[in-house]
$ cat structure-v6.txt   # compact mmCIF, C-alpha atoms
# COMPACT_ATOMS: atom_id res chain seq x y z
CA MET A 1 139.21 76.46 103.00
CA LYS A 2 138.46 73.08 104.55
CA GLN A 3 135.43 70.93 103.89
CA THR A 4 134.11 68.49 106.46
CA LEU A 5 131.45 65.83 106.20
CA GLU A 6 129.82 64.10 109.15
CA VAL A 7 127.37 61.25 108.74
CA ILE A 8 125.70 59.98 111.88
CA VAL A 9 123.83 56.68 111.82
CA MET A 10 122.06 55.70 115.03
CA ASP A 11 120.01 52.74 116.23
CA ARG A 12 120.66 50.60 113.20
CA SER A 13 120.06 47.34 115.05
CA HIS A 14 116.70 45.59 114.93
CA GLY A 15 115.77 47.33 111.70
CA TRP A 16 115.53 50.79 113.27
CA TRP A 17 117.16 53.78 111.59
CA ARG A 18 117.84 57.34 112.59
CA HIS A 19 120.28 59.48 110.68
CA ALA A 20 121.52 63.02 110.18
CA VAL A 21 123.90 64.41 107.62
CA VAL A 22 126.02 67.50 108.17
CA LEU A 23 128.24 69.00 105.48
CA SER A 24 129.90 72.32 106.15
CA LEU A 25 132.69 74.63 105.07
CA LEU A 26 134.70 76.51 107.64
CA PRO A 27 134.24 80.29 107.66
CA LEU A 28 136.31 82.55 105.46
CA LEU A 29 136.87 86.28 105.28
CA ALA A 30 135.92 87.47 101.80
CA GLY A 31 136.89 91.10 101.32
CA CYS A 32 135.20 92.92 104.19
CA ALA A 33 132.35 90.46 104.64
CA LEU A 34 132.46 87.58 107.08
CA VAL A 35 130.67 84.61 105.55
CA SER A 36 130.32 80.95 106.45
CA PRO A 37 129.25 78.90 103.43
CA SER A 38 127.79 75.43 103.74
CA VAL A 39 126.96 73.71 100.46
CA PRO A 40 125.92 70.08 100.91
CA GLN A 41 124.98 67.73 98.11
CA ALA A 42 121.35 66.98 97.48
CA TYR A 43 120.32 64.83 100.42
CA GLN A 44 119.33 61.95 98.14
CA GLN A 45 122.86 61.69 96.75
CA THR A 46 124.41 61.89 100.20
CA LEU A 47 122.23 59.15 101.66
CA ALA A 48 122.72 56.95 98.62
CA HIS A 49 126.49 57.41 98.76
CA TYR A 50 126.57 56.15 102.33
CA ASN A 51 124.04 53.38 101.71
CA LEU A 52 121.49 55.02 103.98
CA PRO A 53 117.85 54.36 103.13
CA LEU A 54 115.90 57.12 101.44
CA VAL A 55 112.52 56.98 103.10
CA ALA A 56 109.21 58.16 101.72
CA PRO A 57 106.35 58.22 104.23
CA PRO A 58 103.89 55.34 104.09
CA SER A 59 100.98 56.27 101.85
CA GLU A 60 98.47 55.35 104.55
CA ALA A 61 100.18 57.64 107.09
CA PRO A 62 101.30 60.95 105.53
CA PRO A 63 103.53 63.25 107.61
CA PRO A 64 101.66 65.40 110.12
CA SER A 65 101.77 69.17 109.74
CA VAL A 66 104.61 71.05 111.44
CA ASP A 67 104.13 74.44 113.10
CA VAL A 68 106.92 76.24 111.25
CA GLU A 69 106.39 79.48 113.17
CA ARG A 70 106.99 77.63 116.42
CA VAL A 71 110.13 76.03 114.99
CA ALA A 72 111.46 79.48 114.07
CA ALA A 73 110.58 80.93 117.47
CA GLN A 74 112.22 78.03 119.27
CA VAL A 75 115.39 78.27 117.20
CA HIS A 76 115.57 81.98 118.03
CA SER A 77 115.09 81.26 121.74
CA LEU A 78 117.61 78.40 121.84
CA VAL A 79 120.25 80.43 119.99
CA ASN A 80 119.92 83.26 122.49
CA ARG A 81 120.11 80.85 125.39
CA VAL A 82 123.38 79.46 124.02
CA ARG A 83 124.74 82.96 123.40
CA THR A 84 123.86 84.08 126.91
CA GLU A 85 125.55 81.03 128.41
CA ALA A 86 128.64 81.84 126.34
CA GLY A 87 128.71 85.42 127.58
CA GLN A 88 127.40 86.98 124.36
CA ALA A 89 124.49 89.39 124.06
CA PRO A 90 121.25 87.87 122.75
CA LEU A 91 120.28 88.59 119.15
CA ALA A 92 117.24 90.73 118.47
CA TRP A 93 114.59 89.29 116.17
CA CYS A 94 114.42 91.24 112.90
CA ASP A 95 111.31 90.82 110.74
CA ASP A 96 113.09 92.05 107.60
CA VAL A 97 115.93 89.55 108.02
CA ALA A 98 113.40 86.83 108.80
CA GLN A 99 111.66 87.54 105.50
CA VAL A 100 114.94 86.93 103.65
CA ALA A 101 115.45 83.69 105.59
CA GLN A 102 111.88 82.52 105.01
CA ALA A 103 112.05 83.23 101.29
CA HIS A 104 115.20 81.12 100.97
CA SER A 105 113.82 78.19 102.99
CA THR A 106 110.65 78.26 100.90
CA ASP A 107 112.67 78.37 97.69
CA MET A 108 114.83 75.41 98.77
CA ALA A 109 111.78 73.38 99.74
CA SER A 110 109.89 74.12 96.53
CA GLY A 111 112.98 73.64 94.37
CA ASN A 112 114.15 70.53 96.25
CA TYR A 113 117.73 71.76 96.75
CA PHE A 114 119.92 72.74 99.71
CA SER A 115 122.54 75.45 99.24
CA HIS A 116 123.57 78.95 100.28
CA THR A 117 123.29 79.88 96.60
CA ASP A 118 119.72 80.06 95.38
CA GLN A 119 118.38 79.00 91.99
CA HIS A 120 119.21 82.43 90.57
CA GLY A 121 122.83 82.26 91.70
CA ARG A 122 122.29 84.72 94.58
CA SER A 123 124.01 84.60 97.98
CA ALA A 124 122.35 85.55 101.26
CA THR A 125 123.70 89.08 100.91
CA ASP A 126 122.39 89.28 97.34
CA ARG A 127 118.95 88.13 98.47
CA GLY A 128 118.97 90.73 101.24
CA THR A 129 119.91 93.47 98.80
CA VAL A 130 116.97 92.54 96.55
CA GLN A 131 114.69 93.09 99.56
CA GLY A 132 116.34 96.37 100.45
CA ILE A 133 118.37 95.10 103.41
CA THR A 134 121.95 96.27 103.85
CA CYS A 135 123.89 95.03 106.88
CA GLN A 136 127.03 96.97 107.71
CA ARG A 137 129.40 97.36 110.65
CA ARG A 138 132.16 99.95 110.63
CA SER A 139 135.26 100.09 112.77
CA ASP A 140 138.36 102.26 112.72
CA THR A 141 140.11 99.87 110.35
CA GLN A 142 137.49 98.09 108.26
CA LEU A 143 133.98 97.91 106.93
CA MET A 144 132.11 94.62 107.25
CA GLU A 145 128.94 94.12 105.31
CA GLY A 146 126.61 91.36 104.24
CA LEU A 147 124.22 88.87 105.78
CA GLY A 148 125.60 85.86 107.65
CA GLU A 149 123.81 82.54 107.15
CA ASN A 150 123.44 79.08 108.67
CA LEU A 151 121.36 76.36 106.99
CA PHE A 152 119.92 73.13 108.35
CA TRP A 153 118.03 70.26 106.77
CA THR A 154 116.46 67.24 108.47
CA THR A 155 113.90 64.57 107.79
CA GLN A 156 110.41 64.91 109.24
CA TYR A 157 110.70 61.50 110.85
CA ASP A 158 112.67 60.65 113.96
CA SER A 159 112.83 56.90 113.46
CA TYR A 160 111.14 54.09 111.58
CA GLU A 161 111.24 50.35 111.22
CA LEU A 162 112.22 48.40 108.12
CA ALA A 163 111.20 44.75 108.08
CA SER A 164 113.69 42.43 106.43
CA HIS A 165 111.15 41.35 103.82
CA SER A 166 109.89 44.82 102.90
CA ALA A 167 111.23 48.21 101.86
CA VAL A 168 108.13 49.97 103.17
CA PRO A 169 108.79 51.88 106.42
CA MET A 170 106.64 50.98 109.40
CA ASN A 171 105.98 52.53 112.81
CA VAL A 172 107.24 55.95 111.71
CA ALA A 173 107.83 58.37 114.59
CA TRP A 174 107.38 61.93 113.34
CA LYS A 175 109.26 64.89 114.81
CA GLU A 176 107.53 67.75 116.55
CA ALA A 177 108.44 71.43 116.24
CA ASP A 178 110.53 71.67 119.41
CA GLN A 179 112.61 68.61 118.49
CA ILE A 180 113.36 70.01 115.03
CA ALA A 181 114.50 73.32 116.54
CA GLU A 182 116.73 71.54 119.07
CA GLU A 183 118.32 69.42 116.34
CA ALA A 184 119.09 72.49 114.21
CA VAL A 185 120.85 74.40 116.98
CA ALA A 186 122.71 71.30 118.17
CA ALA A 187 123.96 70.60 114.63
CA TRP A 188 125.17 74.18 114.16
CA LEU A 189 127.02 74.08 117.47
CA LYS A 190 128.88 70.93 116.39
CA SER A 191 130.13 72.59 113.18
CA PRO A 192 132.97 75.10 113.69
CA GLY A 193 131.82 77.47 110.97
CA HIS A 194 128.18 77.50 111.97
CA ARG A 195 129.07 77.79 115.66
CA ALA A 196 131.27 80.81 114.90
CA ASN A 197 128.35 82.52 113.19
CA LEU A 198 125.93 81.66 115.97
CA LEU A 199 128.19 82.96 118.74
CA SER A 200 129.73 85.89 116.89
CA ALA A 201 129.89 89.12 118.90
CA LEU A 202 129.65 91.05 115.62
CA TYR A 203 126.02 90.21 114.94
CA THR A 204 123.19 91.97 116.77
CA LYS A 205 120.05 90.55 115.12
CA GLN A 206 118.78 87.50 113.33
CA GLY A 207 115.82 86.09 111.44
CA ILE A 208 114.75 82.47 111.02
CA GLY A 209 112.82 80.94 108.14
CA VAL A 210 111.39 77.40 108.12
CA ALA A 211 109.75 75.51 105.27
CA ILE A 212 108.55 71.94 104.75
CA ARG A 213 108.67 69.80 101.63
CA PRO A 214 106.15 67.05 102.55
CA GLY A 215 107.71 63.63 102.55
CA VAL A 216 111.18 65.08 101.98
CA GLY A 217 112.24 67.22 104.91
CA VAL A 218 112.48 70.46 106.85
CA TYR A 219 114.57 73.39 105.63
CA ILE A 220 115.77 76.03 108.10
CA THR A 221 117.60 79.25 107.22
CA GLN A 222 119.17 81.44 109.89
CA ASN A 223 120.33 84.86 108.70
CA PHE A 224 122.40 87.28 110.78
CA CYS A 225 122.83 91.05 110.51
CA PHE A 226 125.17 93.50 112.22
$ encode --input "structure-v6.txt" --output "structure tokens"
Amino acid sequence: MKQTLEVIVMDRSHGWWRHAVVLSLLPLLAGCALVSPSVPQAYQQTLAHYNLPLVAPPSEAPPPSVDVERVAAQVHSLVNRVRTEAGQAPLAWCDDVAQVAQAHSTDMASGNYFSHTDQHGRSATDRGTVQGITCQRRSDTQLMEGLGENLFWTTQYDSYELASHSAVPMNVAWKEADQIAEEAVAAWLKSPGHRANLLSALYTKQGIGVAIRPGVGVYITQNFCF
């Protein structure tokens, strides 16, 4: 099992910052279930480790609201566009799977953590089982079961300015729903494990859950089912 970490820092000149952090584990075959874990550190620790600024929104300009339902719908649409271009069948939207995804994104946002394992030690498959969802695919030689999962986290801001004499961010450009969705799918496609999940011919349906922790970031969970 190989772990990879990618830190992207853009537009650092002239006091402008934009950054994204991607930490992923390549997929593994555990028993009969195909899973692709991705367990990054808390984003604060990651940014601090790489000397990237941890930005809170200016008190006089709180983050605008984000249409999380639109983000989820756009992620679903973009994923199917990519699958179609790659010669794979589009994934059907599944409300039950989306409920599992939404519950996990909400839990991560409220608990201020980012992991495939929730605060009760449950995996995506465990969380699906609690809600009565069992995903299985049988073949002549094996039984595959369990929910697949991709996670994404990003800041609500796109860029901001830091004056040399002040640590207070200025001229913050906030992201809109479509941009957040595009960033999520683009990040998954750059990660081998997440890309394998997204383009897998085994999965037939998906659900997306999006939650916001104001001033911290956007949490997106993508769950797959056979």
$ residues_around --input "structure-v6.txt" --residues "Thr155 (chain A)" --least-positions-apart "6" --cutoff "7 Å" --atoms "all atoms listed in the file" --output "NGL selection string"
:A and (216-218)
$ residues_around --input "structure-v6.txt" --residues "Cys135 (chain A)" --least-positions-apart "6" --cutoff "10 Å" --atoms "all atoms listed in the file" --output "list in words"
Ala33, Val97, Thr125, Gly128, Thr129, Met144, Glu145, Gly146, Leu147, Gly148, Tyr203, Phe224, Cys225 and Phe226 of chain A
$ atom_distance --input "structure-v6.txt" --atom1 "CA of Asp67 (chain A)" --atom2 "CA of Glu176 (chain A)"
8.3 Å
$ atom_distance --input "structure-v6.txt" --atom1 "CA of Ile220 (chain A)" --atom2 "CA of Arg81 (chain A)"
18.5 Å
$ closest_residue --input "structure-v6.txt" --among "A:Asp95, A:Glu85, A:Glu149, A:Asp140" --to "Ser115 (chain A)" --atoms "all atoms listed in the file"
A:Glu149
$ closest_residue --input "structure-v6.txt" --among "A:Ala124, A:Ala86, A:Val210, A:Leu202" --to "Ala109 (chain A)" --atoms "all atoms listed in the file"
A:Val210
$ residues_around --input "structure-v6.txt" --residues "Ala72 (chain A)" --least-positions-apart "3" --cutoff "12 Å" --atoms "all atoms listed in the file" --output "PyMOL selection string"
chain A and resi 66-69+75-79+93+95+98-99+101-102+105+177-182+184-185+206-211+218-223
$ residues_near_point --input "structure-v6.txt" --point "(105.5, 67.9, 104.1)" --cutoff "8 Å" --atoms "only C-alpha atoms" --output "compact mmCIF listing (two decimals) with C-alpha atoms, keeping the file's coordinate frame"
# COMPACT_ATOMS: atom_id res chain seq x y z
CA PRO A 63 103.53 63.25 107.61
CA PRO A 64 101.66 65.40 110.12
CA SER A 65 101.77 69.17 109.74
CA GLN A 156 110.41 64.91 109.24
CA ILE A 212 108.55 71.94 104.75
CA ARG A 213 108.67 69.80 101.63
CA PRO A 214 106.15 67.05 102.55
CA GLY A 215 107.71 63.63 102.55
CA VAL A 216 111.18 65.08 101.98
CA GLY A 217 112.24 67.22 104.91
CA VAL A 218 112.48 70.46 106.85
$ atom_distance --input "structure-v6.txt" --atom1 "CA of Phe152 (chain A)" --atom2 "CA of Glu183 (chain A)"
9.0 Å
$ closest_residue --input "structure-v6.txt" --among "A:Gln136, A:Val130, A:His120, A:Pro192" --to "Asn150 (chain A)" --atoms "only C-alpha atoms"
A:Pro192
$ closest_residue --input "structure-v6.txt" --among "A:Gly111, A:Ala73, A:Pro62, A:Pro90" --to "Leu198 (chain A)" --atoms "all atoms listed in the file"
A:Pro90
$ closest_residue --input "structure-v6.txt" --among "A:Lys175, A:Thr84, A:Arg137, A:His104" --to "Leu151 (chain A)" --atoms "all atoms listed in the file"
A:His104
